[in-house]
Every structure is written in structure tokens, then in C-alpha cells.
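A.B. asks: I have a structure here, written as C-alpha cells, and I will follow up with some questions on it.
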Amino acid sequence: EKKPHEEPTKKQKQLDDFKIDHDGKDLTTDQGTKVSNTSESLKAGERGPTIMEDFHFREKMTHFDHERIPERVVHARGFGAHGYFQVYEPLTDLTKAKFLQDPNIKTPVFVRFSTVVGSRGSADTVRDVRGFATKFYTEDGNFDLVGNNMPIFFMQDAIKFPDFVHSIKPEPNNEIPQASAAHDTLWDWVVNNQESAHMMMWLLSDRGIPRSFRMMEGFGVHTFRLVNAQGKARFVKFHWKPKLGVHSLTWDEAQKIAGKDPDFNRRDLWDAINKGEYPEFELGLQIIEEEQEFDFDFDILDATKIWPEEQVPVKIVGKMTLNKNQDNFFAETEQAAFHLGNVVPGIDFTNDPLLQGRLFSYLDTQLLRLGGPNFHEIPINRPVVQYYNNQRDGFHRMTIDRGKVAYFPNSIRNNYPMPVQGKDGGYEHYQEKVEGRKVRTRSESFNDHFSQATLFWNSMSPAEKKHIIKAFHFEVGSVMDKKISQKVVDMFSQVDTNLAREIAKGIGVSAPATKNKTKITDTSPALSQENTVKTAR
Ligand code: HEM
């Protein structure tokens, strides 16, 4: 159903100020001087050498020489679109976040969907996790929900992320294989990090090959906090539910499309929006009261666990509509900088050790990727409210900050008075009580790596189970080192013995060497002492 033309959002209007139309305009240099000829360089004689004086040649060539920036270290390939978000009902009881108070407020958003492993030019329809990052341009500043299309993650502690990514990216000696989970290093990492069992089940399921960005769920993954105006906090998980439902490709389709149309997913999104078939996603919340923190047989701070929806229902609270394509891929999609640490009053963090580590990583990597500390001034990253602070200088500063004072406190300018705690709308961190010894260890409550993987397996239909087994055959079948393949079979026997037997049949290794409930040693120090695994059976 085609939607009527919709008014541009405040963000879309803000971006208009930066847009240039080139039609019918004379060619100029970067300095605005008209150019007479851009196809012949200035030469000393018709057959002579090009001369240094040719400022147009030098400018054109040096710009070209500097046109690339580093691609994202993960999620390099992505595609963005603009839209807006509206809540259905005021969520005043749950949070003081202003954009969640009033159903009449349309909060502008920019969303970037991505694959994780492949480089910028890789194919869309590979088996991989998909990123689903949303920037809400709220009146309280930017809130970024930097999620994925799977509700959990490969590891529990962020410090393992560099190891994991080194294992799943192309191997460093020959940069093979591109964008594939089929290699020794990944599976070696998996068997040495058994907390990945649940996520690997999701990755090898049909969720790993979505048919369309419009037909994917999104998940914030971590446990966050919502805080209301009275200071009451609750644990929350964020969900996006696509109005079109969740659909996947088959593996055969995915492989063929990767060859025939590597842009399949981005083209689908672009075309749908151009046709007025605006993708819609409903926002869902799972809420756990603070008093219920320890009521579950998993730790709610463990990012390898879902909160089963039967136990904690998803409450649908609003809807996001993507109604406008970007005008310029580089300026918008490529320069967009999402960061989990971009929060607004009413939304806060928890001690999930994966979340805590991510809080460091994004700003750090963007300082490099986007060339210094002023990337918040790039149009796509600017909030729709003006920022005021004492940050100055740095590469490519755009703002002309007036006045001689750039420090606090000061008695000359006498502004930015310290907000009075709680009264002036300044961001206040939730005053969670934290106490403990400094230790490099993980809580025992994070030790069960298999129950939910089994739950996931048991929830699959026979056809879905067949797809998972085939995916194991394809991915683990390419592993050269049979010791690793054997360990995979042994590891997944802890999810389900039949699953492990079926995997073994297709990859030329023995049926599971171990039975359910046997110990498998995890090499991570925190778990090496006593790692008896609870199973769901
Ligand atoms: C992108 C780090 C886990 C979702 C990135 C980038 C880094 C990073 C460095 C590139 C950012 C940029 O260049 O702008 C990490 C670390 C993680 C982690 C250290 C774990 C410790 C996760 C998880 C999720 C996630 C659990 C999902 C909940 C994303 C998304 C992007 C991204 C969606 C792409 C954002 C975009 O579209 O620009 N991550 N990540 N990451 N990450 Fe993570």
C-alpha cells in the first residue's frame, strides 16, 4: 500500500541546508573559480610535460587521492535510510525520555543496516549477523540504539571482541576467505569459547540470511535501564518488530543472489522507499523490575541470553517508519557514527560487561575513522538541538565558537551554570550501588552456555532444523583441521546429541565423543576451574 507524501522531519530539513544541486551550474574549483577545461592538463607545449602551475589539475588529483576513509573495522558494509519514530502511548511511568512521552511527537531517525564481517564491497546475502543501528534525533539530544538482528551475542565480555573479530575476518596471511563463516580460525575460536554456542545456533539458522532489511527483527541485545521522573529504574531490553514479518532466504537462493546481485538487500530497501512502500518497525520493550533481578535461571546481565518472551512479554510501544532515502551514500551512510554511549535522560546502562566495553569502543574507533574529534559536526551526526560546551579546535572544526572563554568554571562569561541535580534536565547517571574487589573474573551466574541454545534448537520446526544442520555441513565442512571439526561436534552435543550426530555425518568426523552433560573445558580463564554445564533436559 502506497503511503501519501509525508512532511520532512526536522532532521531532514536540517540536512537540506547542506545539500548542493549541481544541475545547470558552471564547473568551479574548490575556491569557486570557474574552470575552462577539466579534460586537458596545462602543458608546456602541445606534446610537452604537465606543469606545476596547473592548480586545477593538482586540486582535482589530490582530492581524488584522498577520497577514501577507513571502512568500519566491523559492519563495514551498510545501507541507511531516514524516517521517524512515534510512541503509541506516553511511557511516563517507565521513563522520562521526552521522545517517549507524547504520541504526537515525530522523532526523526536515521537507520543503518549492515553485515558484520565483509568489507565495504562484499555481497549482501552472506550468512552473517545484520546490524540494525538507529539514531533518534530527539529534543534531548541523540539517542543511538545500536542493535543487531539477533537478540544475543557471541561472548559475555567485551575484552574478547578483538580476538573474536580476528578469528572471523579473513585470515591475516592471505586475506581468505572473504565474508564467510567457513574457516578454521572462526571455528577454533568457537570451540575455545563455548559461551558462543547459543549465538552460533542463531547464526547458522535462517536468521543468518535475511531476505530483506525490511523483514528483520532488531534487538538492543544488552540489558539497559529505563528511569522515570521519580528516579525509579527498571531493566529493559529493546526490540524492533518488522510489520512485514520475519523472512529469510534459503541458502541456495542466498548463494545465487550473492553472485547475480550483490546489492540485493540495499536495492530492495532503496526501491521500496522510492515506491512509497515505507518499511515499518514496531518498538517493543521487555521490562524486568529491579526486585526481580535474580528471579531467573540466567543472569540478566549476560548478553548470551534472551529473556524468554513467555516469561517476560514484549510490550509494543511505538512505531518507526522509514520514508526517505539518503541523497548521498558517503555523506550519510558512510559518515554516520552510532555509539551506544549516546543516551538521553531516562535511558541508562547496566553492568553487562559486553555493554560496558562497547561504551569505550565506538567513540574510540570513530576518532580514527572520521578523522578527529569533530565528527559530531558532520551533518548526519549533528543533533537537531544546538550543542554548547567548551570543546574547541581539532581537525575540521565547523562551528565558529564566539567569545574568549572556553573553560569552566569562569567568571567572565558566566554561563553553563552547573545544573541543579535532578531539576534542570541534565543527564544524571542512575545511582546504582556498586561494591566489590577488583578481579579479572566472571560471575558463576554466567556459566550456563547451553540451556538456551537447546531451547532455541527445540523451538525450531523440522524444516528449520534441517537448514541448521545443512549450514553446519557447509560451514564446518570447509574446516581443514579435522581436530577442530571434531571439537565442534563434541561442543554441540551439549546442545543436542542428535544435532551433533547429524553434524558429524556431513563433515567426515566421528559422532560425538562425549554425551550430554559431560564437561567440556572452556579455555577462558574465568571458566576453566569448574565448568559443569547445566542443560535444559
Ligand atoms: C559497529 C565494536 C558488539 C552492533 C561497531 C564498530 C565497532 C564495534 C568498533 C565500528 C563502529 C564505527 O566505525 O562506526 C564492538 C565491540 C563489541 C560489539 C567492541 C563487543 C564488545 C556489538 C553488539 C552489537 C553491535 C553486541 C549489537 C547489539 C553494531 C552495529 C554496528 C557496530 C549495528 C554498525 C553501526 C553502523 O551501522 O555504523 N562495533 N561491537 N556490536 N556494532 Fe559493534
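Labeling convention for the C-alpha cells: chains A, B, ... as they appear, residues from 1 per chain, ligands from 1 in order of appearance.
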List the neighbours of range 171-186 of chain A out to 8 Å using only C-alpha atoms; skip same-chain residues closer than 3 positions along the sequence, and give me the result as a list in words.

C.D. replies: Val117, Gly118, Ser119, Ser122, Val126, Arg127, Asp128, Phe164, His166, Ser167, Ile168, Trp189, Val190, Phe474, Glu475, Val476, Gly477, Ser478, Val479, Met480, Asp481 and Ile484 of chain A

A.B. asks: Step one, run DSSP on the backbone; step two, keep only residues of range 318-508 of chain A assigned to alpha helix (DSSP H); then write them as a PyMOL selection string.

C.D. replies: chain A and resi 329+353-369+451-458+462-477+482-492+497-507

A.B. asks: One number please: CA of Leu499 in chain A to CA of Asn192 in chain A, in Å, one decimal.

C.D. replies: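 These two atoms are separated by 19.5 Å.
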
A.B. asks: Might you pull out every residue within 7 Å of Pro383 in chain A, with only C-alpha atoms counted and same-chain residues fewer than 4 positions away left off, and present them as a PyMOL selection string?

C.D. replies: chain A and resi 137+141-142

A.B. asks: Residues at most 9 Å from Asn390 in chain A, counting only C-alpha atoms, excluding those fewer than 2 positions away in the same chain, as a list in words?

C.D. replies: Tyr388, Arg392, Val405, Ala406, Tyr407 and Phe408 of chain A

A.B. asks: Extract, using only C-alpha atoms, all DNA, RNA and protein residues at most 7 Å from Leu322 in chain A, discarding same-chain residues fewer than 2 positions from it, and format them as a PyMOL selection string.

C.D. replies: chain A and resi 81-84+278-280+320+324

A.B. asks: Work out how far apart CA of Glu291 in chain A and CA of Phe235 in chain A are and give it in Å to one decimal.

C.D. replies: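 Separating CA of Glu291 in chain A from CA of Phe235 in chain A is a distance of 10.0 Å.
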
A.B. asks: I need the residue nearest Thr454 in chain A from this list: A:Asn498, A:Gln86, A:Gln486, A:Thr223. Use only C-alpha atoms for the distance.

C.D. replies: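 Using only C-alpha atoms, Thr454 in chain A sits closest to A:Asn498.
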
A.B. asks: For the contact check between range 398-498 of chain A and range 339-344 of chain A, emit one row per residue of range 398-498 of chain A within 12 Å, containing the shortest atom pair and the distance in Å rounded to one decimal, counting only C-alpha atoms, chain then rising number order, as JSON lines.

C.D. replies:
{"residue": "A:Gly425", "atom": "CA", "partner": "A:Val344", "partner_atom": "CA", "distance": 9.8}
{"residue": "A:Gly426", "atom": "CA", "partner": "A:Val344", "partner_atom": "CA", "distance": 9.2}
{"residue": "A:Tyr427", "atom": "CA", "partner": "A:Val344", "partner_atom": "CA", "distance": 6.9}
{"residue": "A:Glu428", "atom": "CA", "partner": "A:Val344", "partner_atom": "CA", "distance": 9.5}
{"residue": "A:His429", "atom": "CA", "partner": "A:Val344", "partner_atom": "CA", "distance": 10.4}

A.B. asks: Could you produce a table of the residues of chain A lying within 6 Å of ligand 1, with the nearest pair of atoms per residue and their separation in Å rounded to one decimal, using only C-alpha atoms and all ligand atoms, ordered by chain and increasing residue number, as JSON lines?

C.D. replies:
{"residue": "A:Arg72", "atom": "CA", "partner": "ligand 1", "partner_atom_place_in_ligand_line": "13 (O)", "distance": 4.0}
{"residue": "A:Val73", "atom": "CA", "partner": "ligand 1", "partner_atom_place_in_ligand_line": "10 (C)", "distance": 5.4}
{"residue": "A:Val74", "atom": "CA", "partner": "ligand 1", "partner_atom_place_in_ligand_line": "6 (C)", "distance": 5.2}
{"residue": "A:His75", "atom": "CA", "partner": "ligand 1", "partner_atom_place_in_ligand_line": "34 (C)", "distance": 4.9}
{"residue": "A:Arg112", "atom": "CA", "partner": "ligand 1", "partner_atom_place_in_ligand_line": "37 (O)", "distance": 4.6}
{"residue": "A:Phe113", "atom": "CA", "partner": "ligand 1", "partner_atom_place_in_ligand_line": "37 (O)", "distance": 5.9}
{"residue": "A:Ser114", "atom": "CA", "partner": "ligand 1", "partner_atom_place_in_ligand_line": "37 (O)", "distance": 5.9}
{"residue": "A:Gly131", "atom": "CA", "partner": "ligand 1", "partner_atom_place_in_ligand_line": "33 (C)", "distance": 3.6}
{"residue": "A:Phe132", "atom": "CA", "partner": "ligand 1", "partner_atom_place_in_ligand_line": "33 (C)", "distance": 4.8}
{"residue": "A:Ala133", "atom": "CA", "partner": "ligand 1", "partner_atom_place_in_ligand_line": "33 (C)", "distance": 4.6}
{"residue": "A:Val146", "atom": "CA", "partner": "ligand 1", "partner_atom_place_in_ligand_line": "33 (C)", "distance": 4.9}
{"residue": "A:Gly147", "atom": "CA", "partner": "ligand 1", "partner_atom_place_in_ligand_line": "28 (C)", "distance": 3.7}
{"residue": "A:Asn148", "atom": "CA", "partner": "ligand 1", "partner_atom_place_in_ligand_line": "27 (C)", "distance": 4.4}
{"residue": "A:Phe153", "atom": "CA", "partner": "ligand 1", "partner_atom_place_in_ligand_line": "26 (C)", "distance": 5.4}
{"residue": "A:Ala158", "atom": "CA", "partner": "ligand 1", "partner_atom_place_in_ligand_line": "21 (C)", "distance": 3.4}
{"residue": "A:Phe161", "atom": "CA", "partner": "ligand 1", "partner_atom_place_in_ligand_line": "21 (C)", "distance": 4.9}
{"residue": "A:Gly220", "atom": "CA", "partner": "ligand 1", "partner_atom_place_in_ligand_line": "28 (C)", "distance": 4.9}
{"residue": "A:Val221", "atom": "CA", "partner": "ligand 1", "partner_atom_place_in_ligand_line": "28 (C)", "distance": 4.7}
{"residue": "A:Ala337", "atom": "CA", "partner": "ligand 1", "partner_atom_place_in_ligand_line": "14 (O)", "distance": 4.8}
{"residue": "A:Phe338", "atom": "CA", "partner": "ligand 1", "partner_atom_place_in_ligand_line": "38 (O)", "distance": 5.4}
{"residue": "A:Leu354", "atom": "CA", "partner": "ligand 1", "partner_atom_place_in_ligand_line": "21 (C)", "distance": 4.9}
{"residue": "A:Gly357", "atom": "CA", "partner": "ligand 1", "partner_atom_place_in_ligand_line": "21 (C)", "distance": 5.4}
{"residue": "A:Arg358", "atom": "CA", "partner": "ligand 1", "partner_atom_place_in_ligand_line": "19 (C)", "distance": 4.7}
{"residue": "A:Ser361", "atom": "CA", "partner": "ligand 1", "partner_atom_place_in_ligand_line": "19 (C)", "distance": 5.2}
{"residue": "A:Tyr362", "atom": "CA", "partner": "ligand 1", "partner_atom_place_in_ligand_line": "9 (C)", "distance": 5.1}
{"residue": "A:Thr365", "atom": "CA", "partner": "ligand 1", "partner_atom_place_in_ligand_line": "9 (C)", "distance": 5.4}
{"residue": "A:Gln366", "atom": "CA", "partner": "ligand 1", "partner_atom_place_in_ligand_line": "13 (O)", "distance": 5.3}

A.B. asks: From the list A:Ser459, A:Gln335, A:Gln194, A:Thr107, which residue is nearest Pro8 in chain A when using only C-alpha atoms?

C.D. replies: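 Counting only C-alpha atoms, the residue closest to Pro8 in chain A is A:Thr107.
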
A.B. asks: Measuring atom to atom with only C-alpha atoms, identify which of A:Arg207, A:Lys433, A:Lys19, A:His222 is nearest to Gln356 in chain A.

C.D. replies: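 Closest candidate: A:His222.
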
A.B. asks: Excluding same-chain residues fewer than 4 positions from Lys11 in chain A, what lies within 7 Å of it counting only C-alpha atoms, as a list in words?

C.D. replies: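 Result of the neighbour search: Leu15, Pro108 and Val384 of chain A.
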
A.B. asks: Among range 299-507 of chain A, which ones does DSSP place in strand (DSSP E), written as a ChimeraX atom specification?

C.D. replies: /A:315-325,347-348

A.B. asks: Hey, which bits of range 121-209 of chain A sit within 12 Å of range 264-274 of chain A, and for each residue what's the closest pair of atoms and how far apart in Å (one decimal), counting only C-alpha atoms, rows by chain and increasing number, as a Markdown table?

C.D. replies:
| residue | atom | partner | partner_atom | distance |
| --- | --- | --- | --- | --- |
| A:Ser122 | CA | A:Phe264 | CA | 11.4 |
| A:Ala123 | CA | A:Phe264 | CA | 8.2 |
| A:Asp124 | CA | A:Asn265 | CA | 5.9 |
| A:Thr125 | CA | A:Phe264 | CA | 7.1 |
| A:Val126 | CA | A:Asn265 | CA | 10.6 |
| A:Arg130 | CA | A:Asn265 | CA | 11.0 |
| A:Ile209 | CA | A:Asn265 | CA | 10.5 |
